[in-house]
Amino acid sequence: MRRAVCPGSFDPITNGHLDIIARASRLYDEVYVAVMINKSKKGLFEIEERIELIREVTSDYANVRVEAFHGLLVDFCKQRDIPAIVKGLRAVSDFDYELQMAQMNNGLTGVETLFVPTNPTYSFLSSSLVKEVAAWGGDVSHLVPAEVLEALNKRLAKD
């Protein structure tokens with residue numbers, strides 16, 4: 001079985017993330033979406049909320065699994081026999097950072113990283129940007145799935 005992982009914080013998942021996950025799901029038999037737990041950062045959504053949102057918006061992809069992880073991504077891969085990491089690249093600046101990570105991960109355990117160029121429609125998109133625009137009342141409906149937009153609006157209405 002060909003397995004890959006799409007890692008990230010997904011706070012929240014965007015249409016850009018979803019595009020990369022969908023494309024990976026066509027290339028691999030099983031795709032794990034690994035939601036990174038970083039206890040030193042307070043996200044807008046709790047890990048469990050992120051996982052639930054991702055499961056909702058990827059429910060059409062029968063081969064996608066969603067799990068949380070903390071620690072080294074290569075350990076997550078080793079525990080699940082995953083030989084490949086799939087990462088979307090928006091710009092050259094992403095490549096500079098991601099190449100270092102890919103080389104480190106390969107050096108640690110031999111796991112390979114595949115870079116997928118982001119759909120140009122989403123080349124500027126990040127979770128941070130979505131949160132900032134939404135917090136100021138901007139329309140992000142074209143940047144996130146409907147379920148995420150609803151959760152985002154509810155969360156920001158509380159703050």
# chains A, B, ... in the order shown; residues from 1 in each chain; ligands from 1

$ residues_around --residues "region 76-82 of chain A" --least-positions-apart "4" --cutoff "12 Å" --atoms "only C-alpha atoms" --output "PyMOL selection string"
chain A and resi 1-7+28-36+65+67-72+86+105-106+108-113

$ closest_residue --among "A:Val130, A:Ala91, A:Val66, A:Val144" --to "Ile54 (chain A)" --atoms "only C-alpha atoms"
A:Val66

$ closest_residue --among "A:Thr58, A:Ser25, A:Thr121, A:Ser9" --to "Glu46 (chain A)" --atoms "only C-alpha atoms"
A:Ser9

$ closest_residue --among "A:Ile13, A:Leu143, A:Gln100, A:Ala157" --to "Ile51 (chain A)" --atoms "only C-alpha atoms"
A:Ile13

$ select_by_dssp --residues "region 16-63 of chain A" --states "alpha helix (DSSP H)" --output "PyMOL selection string"
chain A and resi 16-27+47-57

$ write_last_selection --atoms "N, CA and C atoms" --output "mmCIF file, in the first residue's frame"
data_model
loop_
_atom_site.group_PDB
_atom_site.id
_atom_site.type_symbol
_atom_site.label_atom_id
_atom_site.label_comp_id
_atom_site.auth_asym_id
_atom_site.auth_seq_id
_atom_site.Cartn_x
_atom_site.Cartn_y
_atom_site.Cartn_z
ATOM 1 N N GLY A 16 -6.528 25.886 -0.077
ATOM 2 C CA GLY A 16 -5.191 25.533 -0.537
ATOM 3 C C GLY A 16 -4.730 24.210 0.044
ATOM 4 N N HIS A 17 -4.909 24.040 1.355
ATOM 5 C CA HIS A 17 -4.584 22.754 1.993
ATOM 6 C C HIS A 17 -5.404 21.634 1.363
ATOM 7 N N LEU A 18 -6.684 21.889 1.219
ATOM 8 C CA LEU A 18 -7.593 20.872 0.700
ATOM 9 C C LEU A 18 -7.210 20.454 -0.718
ATOM 10 N N ASP A 19 -6.756 21.401 -1.514
ATOM 11 C CA ASP A 19 -6.302 21.092 -2.870
ATOM 12 C C ASP A 19 -5.112 20.133 -2.843
ATOM 13 N N ILE A 20 -4.151 20.372 -1.973
ATOM 14 C CA ILE A 20 -2.972 19.496 -1.869
ATOM 15 C C ILE A 20 -3.387 18.111 -1.373
ATOM 16 N N ILE A 21 -4.255 18.050 -0.381
ATOM 17 C CA ILE A 21 -4.727 16.763 0.153
ATOM 18 C C ILE A 21 -5.469 15.980 -0.930
ATOM 19 N N ALA A 22 -6.341 16.654 -1.671
ATOM 20 C CA ALA A 22 -7.097 16.000 -2.743
ATOM 21 C C ALA A 22 -6.156 15.448 -3.814
ATOM 22 N N ARG A 23 -5.169 16.219 -4.179
ATOM 23 C CA ARG A 23 -4.222 15.769 -5.206
ATOM 24 C C ARG A 23 -3.398 14.587 -4.699
ATOM 25 N N ALA A 24 -2.979 14.640 -3.438
ATOM 26 C CA ALA A 24 -2.233 13.518 -2.859
ATOM 27 C C ALA A 24 -3.098 12.265 -2.798
ATOM 28 N N SER A 25 -4.390 12.440 -2.516
ATOM 29 C CA SER A 25 -5.288 11.282 -2.406
ATOM 30 C C SER A 25 -5.464 10.561 -3.738
ATOM 31 N N ARG A 26 -5.208 11.258 -4.840
ATOM 32 C CA ARG A 26 -5.272 10.608 -6.153
ATOM 33 C C ARG A 26 -3.972 9.854 -6.482
ATOM 34 N N LEU A 27 -2.901 10.203 -5.793
ATOM 35 C CA LEU A 27 -1.595 9.596 -6.069
ATOM 36 C C LEU A 27 -1.249 8.438 -5.129
ATOM 37 N N ILE A 47 -7.030 21.396 18.881
ATOM 38 C CA ILE A 47 -6.626 20.290 18.001
ATOM 39 C C ILE A 47 -7.828 19.429 17.616
ATOM 40 N N GLU A 48 -8.671 19.100 18.579
ATOM 41 C CA GLU A 48 -9.832 18.246 18.304
ATOM 42 C C GLU A 48 -10.778 18.916 17.309
ATOM 43 N N GLU A 49 -10.930 20.231 17.421
ATOM 44 C CA GLU A 49 -11.790 20.970 16.483
ATOM 45 C C GLU A 49 -11.198 20.942 15.073
ATOM 46 N N ARG A 50 -9.900 21.110 14.977
ATOM 47 C CA ARG A 50 -9.238 21.065 13.672
ATOM 48 C C ARG A 50 -9.417 19.698 13.025
ATOM 49 N N ILE A 51 -9.212 18.661 13.824
ATOM 50 C CA ILE A 51 -9.345 17.297 13.304
ATOM 51 C C ILE A 51 -10.769 17.073 12.796
ATOM 52 N N GLU A 52 -11.763 17.482 13.563
ATOM 53 C CA GLU A 52 -13.154 17.311 13.152
ATOM 54 C C GLU A 52 -13.451 18.086 11.872
ATOM 55 N N LEU A 53 -12.985 19.320 11.774
ATOM 56 C CA LEU A 53 -13.194 20.102 10.556
ATOM 57 C C LEU A 53 -12.536 19.438 9.350
ATOM 58 N N ILE A 54 -11.331 18.956 9.530
ATOM 59 C CA ILE A 54 -10.623 18.302 8.419
ATOM 60 C C ILE A 54 -11.351 17.036 8.013
ATOM 61 N N ARG A 55 -11.811 16.267 8.983
ATOM 62 C CA ARG A 55 -12.575 15.055 8.647
ATOM 63 C C ARG A 55 -13.840 15.399 7.868
ATOM 64 N N GLU A 56 -14.507 16.470 8.259
ATOM 65 C CA GLU A 56 -15.726 16.890 7.543
ATOM 66 C C GLU A 56 -15.417 17.249 6.099
ATOM 67 N N VAL A 57 -14.384 18.069 5.892
ATOM 68 C CA VAL A 57 -14.128 18.579 4.542
ATOM 69 C C VAL A 57 -13.385 17.588 3.649
#

$ atom_distance --atom1 "CA of Lys41 (chain A)" --atom2 "CA of Val92 (chain A)"
25.9 Å

$ residues_around --residues "Val116 (chain A)" --least-positions-apart "6" --cutoff "7 Å" --atoms "only C-alpha atoms" --output "list in words"
Lys87, Gly88 and Leu89 of chain A

$ write_last_selection --atoms "N, CA, C and O atoms" --output "compact mmCIF listing (two decimals), in the first residue's frame"
# COMPACT_ATOMS: atom_id res chain seq x y z
N LYS A 87 4.14 17.99 0.48
CA LYS A 87 4.07 19.40 0.89
C LYS A 87 3.73 20.28 -0.31
O LYS A 87 4.29 20.11 -1.39
N GLY A 88 2.83 21.20 -0.09
CA GLY A 88 2.51 22.19 -1.12
C GLY A 88 3.48 23.35 -1.02
O GLY A 88 3.86 23.77 0.07
N LEU A 89 3.90 23.85 -2.17
CA LEU A 89 4.80 25.00 -2.22
C LEU A 89 4.09 26.16 -2.90
O LEU A 89 3.61 26.03 -4.02

$ atom_distance --atom1 "CA of Gly137 (chain A)" --atom2 "CA of Ala151 (chain A)"
14.4 Å

$ atom_distance --atom1 "CA of Val148 (chain A)" --atom2 "CA of Pro117 (chain A)"
23.4 Å

$ select_by_dssp --residues "chain A" --states "strand (DSSP E)" --output "mmCIF file with N, CA, C and O atoms, in the first residue's frame"
data_model
loop_
_atom_site.group_PDB
_atom_site.id
_atom_site.type_symbol
_atom_site.label_atom_id
_atom_site.label_comp_id
_atom_site.auth_asym_id
_atom_site.auth_seq_id
_atom_site.Cartn_x
_atom_site.Cartn_y
_atom_site.Cartn_z
ATOM 1 N N ARG A 3 1.584 4.885 0.917
ATOM 2 C CA ARG A 3 1.106 5.835 1.926
ATOM 3 C C ARG A 3 1.911 7.126 1.866
ATOM 4 O O ARG A 3 3.110 7.117 1.589
ATOM 5 N N ALA A 4 1.220 8.212 2.213
ATOM 6 C CA ALA A 4 1.881 9.515 2.319
ATOM 7 C C ALA A 4 1.216 10.297 3.435
ATOM 8 O O ALA A 4 0.109 9.959 3.870
ATOM 9 N N VAL A 5 1.893 11.346 3.872
ATOM 10 C CA VAL A 5 1.347 12.214 4.909
ATOM 11 C C VAL A 5 1.400 13.661 4.430
ATOM 12 O O VAL A 5 2.359 14.073 3.775
ATOM 13 N N CYS A 6 0.350 14.395 4.737
ATOM 14 C CA CYS A 6 0.294 15.844 4.524
ATOM 15 C C CYS A 6 0.261 16.478 5.914
ATOM 16 O O CYS A 6 -0.775 16.437 6.582
ATOM 17 N N PRO A 7 1.373 17.018 6.377
ATOM 18 C CA PRO A 7 1.424 17.574 7.730
ATOM 19 C C PRO A 7 1.131 19.070 7.764
ATOM 20 O O PRO A 7 1.289 19.776 6.761
ATOM 21 N N GLY A 8 0.698 19.558 8.914
ATOM 22 C CA GLY A 8 0.514 20.995 9.099
ATOM 23 C C GLY A 8 -0.225 21.291 10.373
ATOM 24 O O GLY A 8 -0.668 20.388 11.083
ATOM 25 N N GLU A 30 -3.289 5.607 0.554
ATOM 26 C CA GLU A 30 -3.694 6.107 1.867
ATOM 27 C C GLU A 30 -2.936 7.400 2.150
ATOM 28 O O GLU A 30 -1.716 7.443 2.011
ATOM 29 N N VAL A 31 -3.681 8.439 2.546
ATOM 30 C CA VAL A 31 -3.080 9.730 2.863
ATOM 31 C C VAL A 31 -3.469 10.101 4.283
ATOM 32 O O VAL A 31 -4.657 10.146 4.621
ATOM 33 N N TYR A 32 -2.464 10.338 5.096
ATOM 34 C CA TYR A 32 -2.688 10.812 6.462
ATOM 35 C C TYR A 32 -2.557 12.323 6.469
ATOM 36 O O TYR A 32 -1.605 12.868 5.914
ATOM 37 N N VAL A 33 -3.504 12.977 7.078
ATOM 38 C CA VAL A 33 -3.382 14.404 7.352
ATOM 39 C C VAL A 33 -2.957 14.469 8.818
ATOM 40 O O VAL A 33 -3.708 14.079 9.709
ATOM 41 N N ALA A 34 -1.727 14.896 9.045
ATOM 42 C CA ALA A 34 -1.160 14.932 10.388
ATOM 43 C C ALA A 34 -1.260 16.361 10.927
ATOM 44 O O ALA A 34 -0.628 17.276 10.404
ATOM 45 N N VAL A 35 -2.080 16.523 11.942
ATOM 46 C CA VAL A 35 -2.306 17.834 12.546
ATOM 47 C C VAL A 35 -1.312 18.015 13.681
ATOM 48 O O VAL A 35 -1.364 17.310 14.693
ATOM 49 N N MET A 36 -0.420 18.973 13.506
ATOM 50 C CA MET A 36 0.671 19.186 14.447
ATOM 51 C C MET A 36 0.179 19.808 15.756
ATOM 52 O O MET A 36 -0.547 20.797 15.740
ATOM 53 N N VAL A 64 -8.407 9.093 2.984
ATOM 54 C CA VAL A 64 -7.765 10.103 3.829
ATOM 55 C C VAL A 64 -8.062 9.818 5.294
ATOM 56 O O VAL A 64 -9.217 9.600 5.672
ATOM 57 N N ARG A 65 -7.004 9.799 6.111
ATOM 58 C CA ARG A 65 -7.096 9.615 7.554
ATOM 59 C C ARG A 65 -6.579 10.889 8.216
ATOM 60 O O ARG A 65 -5.623 11.480 7.727
ATOM 61 N N VAL A 66 -7.179 11.269 9.321
ATOM 62 C CA VAL A 66 -6.761 12.492 10.017
ATOM 63 C C VAL A 66 -6.360 12.135 11.446
ATOM 64 O O VAL A 66 -7.138 11.492 12.160
ATOM 65 N N GLU A 67 -5.159 12.533 11.835
ATOM 66 C CA GLU A 67 -4.651 12.262 13.180
ATOM 67 C C GLU A 67 -3.821 13.441 13.664
ATOM 68 O O GLU A 67 -3.233 14.162 12.864
ATOM 69 N N ALA A 68 -3.752 13.587 14.962
ATOM 70 C CA ALA A 68 -2.865 14.571 15.581
ATOM 71 C C ALA A 68 -1.485 13.949 15.771
ATOM 72 O O ALA A 68 -1.352 12.729 15.858
ATOM 73 N N PHE A 69 -0.473 14.809 15.819
ATOM 74 C CA PHE A 69 0.860 14.321 16.175
ATOM 75 C C PHE A 69 1.633 15.413 16.884
ATOM 76 O O PHE A 69 1.369 16.598 16.730
ATOM 77 N N ALA A 84 6.535 8.710 2.536
ATOM 78 C CA ALA A 84 6.543 9.971 1.796
ATOM 79 C C ALA A 84 5.750 11.067 2.511
ATOM 80 O O ALA A 84 4.680 10.828 3.055
ATOM 81 N N ILE A 85 6.298 12.265 2.458
ATOM 82 C CA ILE A 85 5.654 13.478 2.953
ATOM 83 C C ILE A 85 5.288 14.307 1.720
ATOM 84 O O ILE A 85 6.129 14.491 0.841
ATOM 85 N N VAL A 86 4.059 14.786 1.665
ATOM 86 C CA VAL A 86 3.632 15.638 0.554
ATOM 87 C C VAL A 86 3.447 17.053 1.091
ATOM 88 O O VAL A 86 2.697 17.264 2.046
ATOM 89 N N LYS A 87 4.137 17.994 0.476
ATOM 90 C CA LYS A 87 4.074 19.396 0.893
ATOM 91 C C LYS A 87 3.731 20.277 -0.307
ATOM 92 O O LYS A 87 4.294 20.106 -1.386
ATOM 93 N N GLY A 88 2.830 21.204 -0.090
ATOM 94 C CA GLY A 88 2.515 22.187 -1.117
ATOM 95 C C GLY A 88 3.481 23.348 -1.024
ATOM 96 O O GLY A 88 3.860 23.767 0.067
ATOM 97 N N LEU A 89 3.903 23.847 -2.166
ATOM 98 C CA LEU A 89 4.804 24.998 -2.221
ATOM 99 C C LEU A 89 4.093 26.159 -2.902
ATOM 100 O O LEU A 89 3.613 26.032 -4.023
ATOM 101 N N GLU A 112 10.999 10.300 2.174
ATOM 102 C CA GLU A 112 11.107 11.236 1.054
ATOM 103 C C GLU A 112 10.057 12.332 1.173
ATOM 104 O O GLU A 112 8.978 12.104 1.726
ATOM 105 N N THR A 113 10.353 13.505 0.635
ATOM 106 C CA THR A 113 9.392 14.601 0.584
ATOM 107 C C THR A 113 9.122 14.925 -0.870
ATOM 108 O O THR A 113 10.055 15.106 -1.653
ATOM 109 N N LEU A 114 7.839 14.978 -1.202
ATOM 110 C CA LEU A 114 7.430 15.375 -2.543
ATOM 111 C C LEU A 114 6.810 16.751 -2.471
ATOM 112 O O LEU A 114 5.912 16.985 -1.653
ATOM 113 N N PHE A 115 7.286 17.642 -3.313
ATOM 114 C CA PHE A 115 6.773 19.008 -3.356
ATOM 115 C C PHE A 115 5.754 19.117 -4.476
ATOM 116 O O PHE A 115 6.031 18.746 -5.618
ATOM 117 N N VAL A 116 4.596 19.639 -4.143
ATOM 118 C CA VAL A 116 3.523 19.826 -5.110
ATOM 119 C C VAL A 116 3.319 21.330 -5.269
ATOM 120 O O VAL A 116 3.060 22.023 -4.281
ATOM 121 N N PRO A 117 3.432 21.834 -6.480
ATOM 122 C CA PRO A 117 3.194 23.271 -6.650
ATOM 123 C C PRO A 117 1.736 23.601 -6.372
ATOM 124 O O PRO A 117 0.829 22.903 -6.822
#

$ closest_residue --among "A:Val140, A:Ala146, A:Leu152, A:Val74" --to "Gly107 (chain A)" --atoms "only C-alpha atoms"
A:Val74

$ residues_around --residues "Asp11 (chain A)" --least-positions-apart "5" --cutoff "7 Å" --atoms "only C-alpha atoms" --output "ChimeraX atom specification"
/A:43-45,50,127

$ write_last_selection --atoms "all heavy atoms" --output "CSV table (one decimal), in the first residue's frame"
chain,number,residue,atom,x,y,z
A,43,GLY,N,-3.6,28.1,19.4
A,43,GLY,CA,-4.3,28.3,18.1
A,43,GLY,C,-5.7,28.9,18.3
A,43,GLY,O,-6.2,28.9,19.4
A,44,LEU,N,-6.3,29.3,17.2
A,44,LEU,CA,-7.7,29.7,17.2
A,44,LEU,C,-8.6,28.6,17.5
A,44,LEU,O,-9.5,28.7,18.3
A,44,LEU,CB,-8.0,30.4,15.8
A,44,LEU,CG,-9.4,30.9,15.7
A,44,LEU,CD1,-9.6,32.1,16.7
A,44,LEU,CD2,-9.7,31.4,14.3
A,45,PHE,N,-8.3,27.4,16.9
A,45,PHE,CA,-9.1,26.2,17.1
A,45,PHE,C,-8.3,25.2,17.9
A,45,PHE,O,-7.1,25.0,17.7
A,45,PHE,CB,-9.5,25.6,15.8
A,45,PHE,CG,-10.5,26.4,15.0
A,45,PHE,CD1,-10.1,27.2,14.0
A,45,PHE,CD2,-11.8,26.4,15.3
A,45,PHE,CE1,-11.0,28.0,13.3
A,45,PHE,CE2,-12.7,27.2,14.6
A,45,PHE,CZ,-12.3,28.0,13.6
A,50,ARG,N,-9.9,21.1,15.0
A,50,ARG,CA,-9.2,21.1,13.7
A,50,ARG,C,-9.4,19.7,13.0
A,50,ARG,O,-9.7,19.6,11.8
A,50,ARG,CB,-7.7,21.4,13.8
A,50,ARG,CG,-7.4,22.8,14.3
A,50,ARG,CD,-6.0,23.0,14.4
A,50,ARG,NE,-5.6,23.9,15.4
A,50,ARG,CZ,-4.4,24.2,15.8
A,50,ARG,NH1,-3.4,23.6,15.2
A,50,ARG,NH2,-4.2,25.0,16.8
A,127,SER,N,-3.3,30.0,6.5
A,127,SER,CA,-4.2,30.0,7.6
A,127,SER,C,-4.2,31.3,8.4
A,127,SER,O,-5.2,31.9,8.8
A,127,SER,CB,-4.0,28.9,8.6
A,127,SER,OG,-4.2,27.6,7.9

$ decode --residues "region 58-84 of chain A" --atoms "N, CA, C and O atoms" --output "short mmCIF file (atom, residue, chain, number, x, y, z; two decimals), in the first residue's frame"
data_model
loop_
_atom_site.label_atom_id
_atom_site.label_comp_id
_atom_site.auth_asym_id
_atom_site.auth_seq_id
_atom_site.Cartn_x
_atom_site.Cartn_y
_atom_site.Cartn_z
N THR A 58 -12.88 16.50 4.23
CA THR A 58 -12.23 15.46 3.42
C THR A 58 -13.06 14.19 3.36
O THR A 58 -12.59 13.17 2.87
N SER A 59 -14.30 14.26 3.80
CA SER A 59 -15.14 13.04 3.88
C SER A 59 -15.39 12.40 2.51
O SER A 59 -15.68 11.21 2.42
N ASP A 60 -15.24 13.16 1.43
CA ASP A 60 -15.41 12.59 0.09
C ASP A 60 -14.21 11.74 -0.34
O ASP A 60 -14.29 11.03 -1.35
N TYR A 61 -13.12 11.82 0.40
CA TYR A 61 -11.91 11.07 0.07
C TYR A 61 -11.79 9.88 1.03
O TYR A 61 -11.34 10.03 2.16
N ALA A 62 -12.18 8.71 0.56
CA ALA A 62 -12.22 7.52 1.40
C ALA A 62 -10.84 7.09 1.89
O ALA A 62 -10.73 6.39 2.91
N ASN A 63 -9.80 7.52 1.22
CA ASN A 63 -8.45 7.09 1.58
C ASN A 63 -7.70 8.09 2.45
O ASN A 63 -6.51 7.97 2.66
N VAL A 64 -8.41 9.09 2.98
CA VAL A 64 -7.77 10.10 3.83
C VAL A 64 -8.06 9.82 5.29
O VAL A 64 -9.22 9.60 5.67
N ARG A 65 -7.00 9.80 6.11
CA ARG A 65 -7.10 9.61 7.55
C ARG A 65 -6.58 10.89 8.22
O ARG A 65 -5.62 11.48 7.73
N VAL A 66 -7.18 11.27 9.32
CA VAL A 66 -6.76 12.49 10.02
C VAL A 66 -6.36 12.14 11.45
O VAL A 66 -7.14 11.49 12.16
N GLU A 67 -5.16 12.53 11.84
CA GLU A 67 -4.65 12.26 13.18
C GLU A 67 -3.82 13.44 13.66
O GLU A 67 -3.23 14.16 12.86
N ALA A 68 -3.75 13.59 14.96
CA ALA A 68 -2.87 14.57 15.58
C ALA A 68 -1.49 13.95 15.77
O ALA A 68 -1.35 12.73 15.86
N PHE A 69 -0.47 14.81 15.82
CA PHE A 69 0.86 14.32 16.17
C PHE A 69 1.63 15.41 16.88
O PHE A 69 1.37 16.60 16.73
N HIS A 70 2.57 14.99 17.70
CA HIS A 70 3.53 15.91 18.30
C HIS A 70 4.89 15.24 18.22
O HIS A 70 4.98 14.02 18.09
N GLY A 71 5.90 16.03 18.26
CA GLY A 71 7.24 15.48 18.10
C GLY A 71 7.70 15.55 16.67
O GLY A 71 7.28 16.43 15.91
N LEU A 72 8.55 14.63 16.30
CA LEU A 72 9.12 14.62 14.96
C LEU A 72 8.17 13.95 13.97
O LEU A 72 7.64 12.87 14.23
N LEU A 73 7.99 14.59 12.83
CA LEU A 73 7.13 14.03 11.78
C LEU A 73 7.67 12.68 11.31
O LEU A 73 6.90 11.77 11.00
N VAL A 74 8.97 12.53 11.28
CA VAL A 74 9.55 11.25 10.82
C VAL A 74 9.18 10.11 11.76
O VAL A 74 9.05 8.97 11.32
N ASP A 75 8.98 10.40 13.04
CA ASP A 75 8.53 9.35 13.97
C ASP A 75 7.09 8.96 13.67
O ASP A 75 6.74 7.78 13.71
N PHE A 76 6.25 9.94 13.37
CA PHE A 76 4.87 9.68 12.94
C PHE A 76 4.90 8.77 11.71
O PHE A 76 4.17 7.78 11.64
N CYS A 77 5.76 9.09 10.76
CA CYS A 77 5.88 8.30 9.54
C CYS A 77 6.36 6.88 9.83
O CYS A 77 5.81 5.90 9.30
N LYS A 78 7.37 6.77 10.67
CA LYS A 78 7.93 5.45 10.99
C LYS A 78 6.90 4.56 11.68
O LYS A 78 6.77 3.38 11.35
N GLN A 79 6.13 5.12 12.60
CA GLN A 79 5.12 4.36 13.33
C GLN A 79 4.01 3.83 12.42
O GLN A 79 3.36 2.84 12.73
N ARG A 80 3.78 4.49 11.28
CA ARG A 80 2.68 4.12 10.39
C ARG A 80 3.17 3.58 9.05
O ARG A 80 2.39 3.40 8.13
N ASP A 81 4.47 3.36 8.94
CA ASP A 81 5.07 2.86 7.70
C ASP A 81 4.73 3.77 6.51
O ASP A 81 4.28 3.31 5.47
N ILE A 82 4.96 5.06 6.70
CA ILE A 82 4.70 6.07 5.67
C ILE A 82 6.05 6.52 5.09
O ILE A 82 6.85 7.12 5.81
N PRO A 83 6.31 6.25 3.82
CA PRO A 83 7.61 6.61 3.24
C PRO A 83 7.67 8.00 2.60
O PRO A 83 8.74 8.41 2.16
N ALA A 84 6.54 8.71 2.54
CA ALA A 84 6.54 9.97 1.80
C ALA A 84 5.75 11.07 2.51
O ALA A 84 4.68 10.83 3.06
#
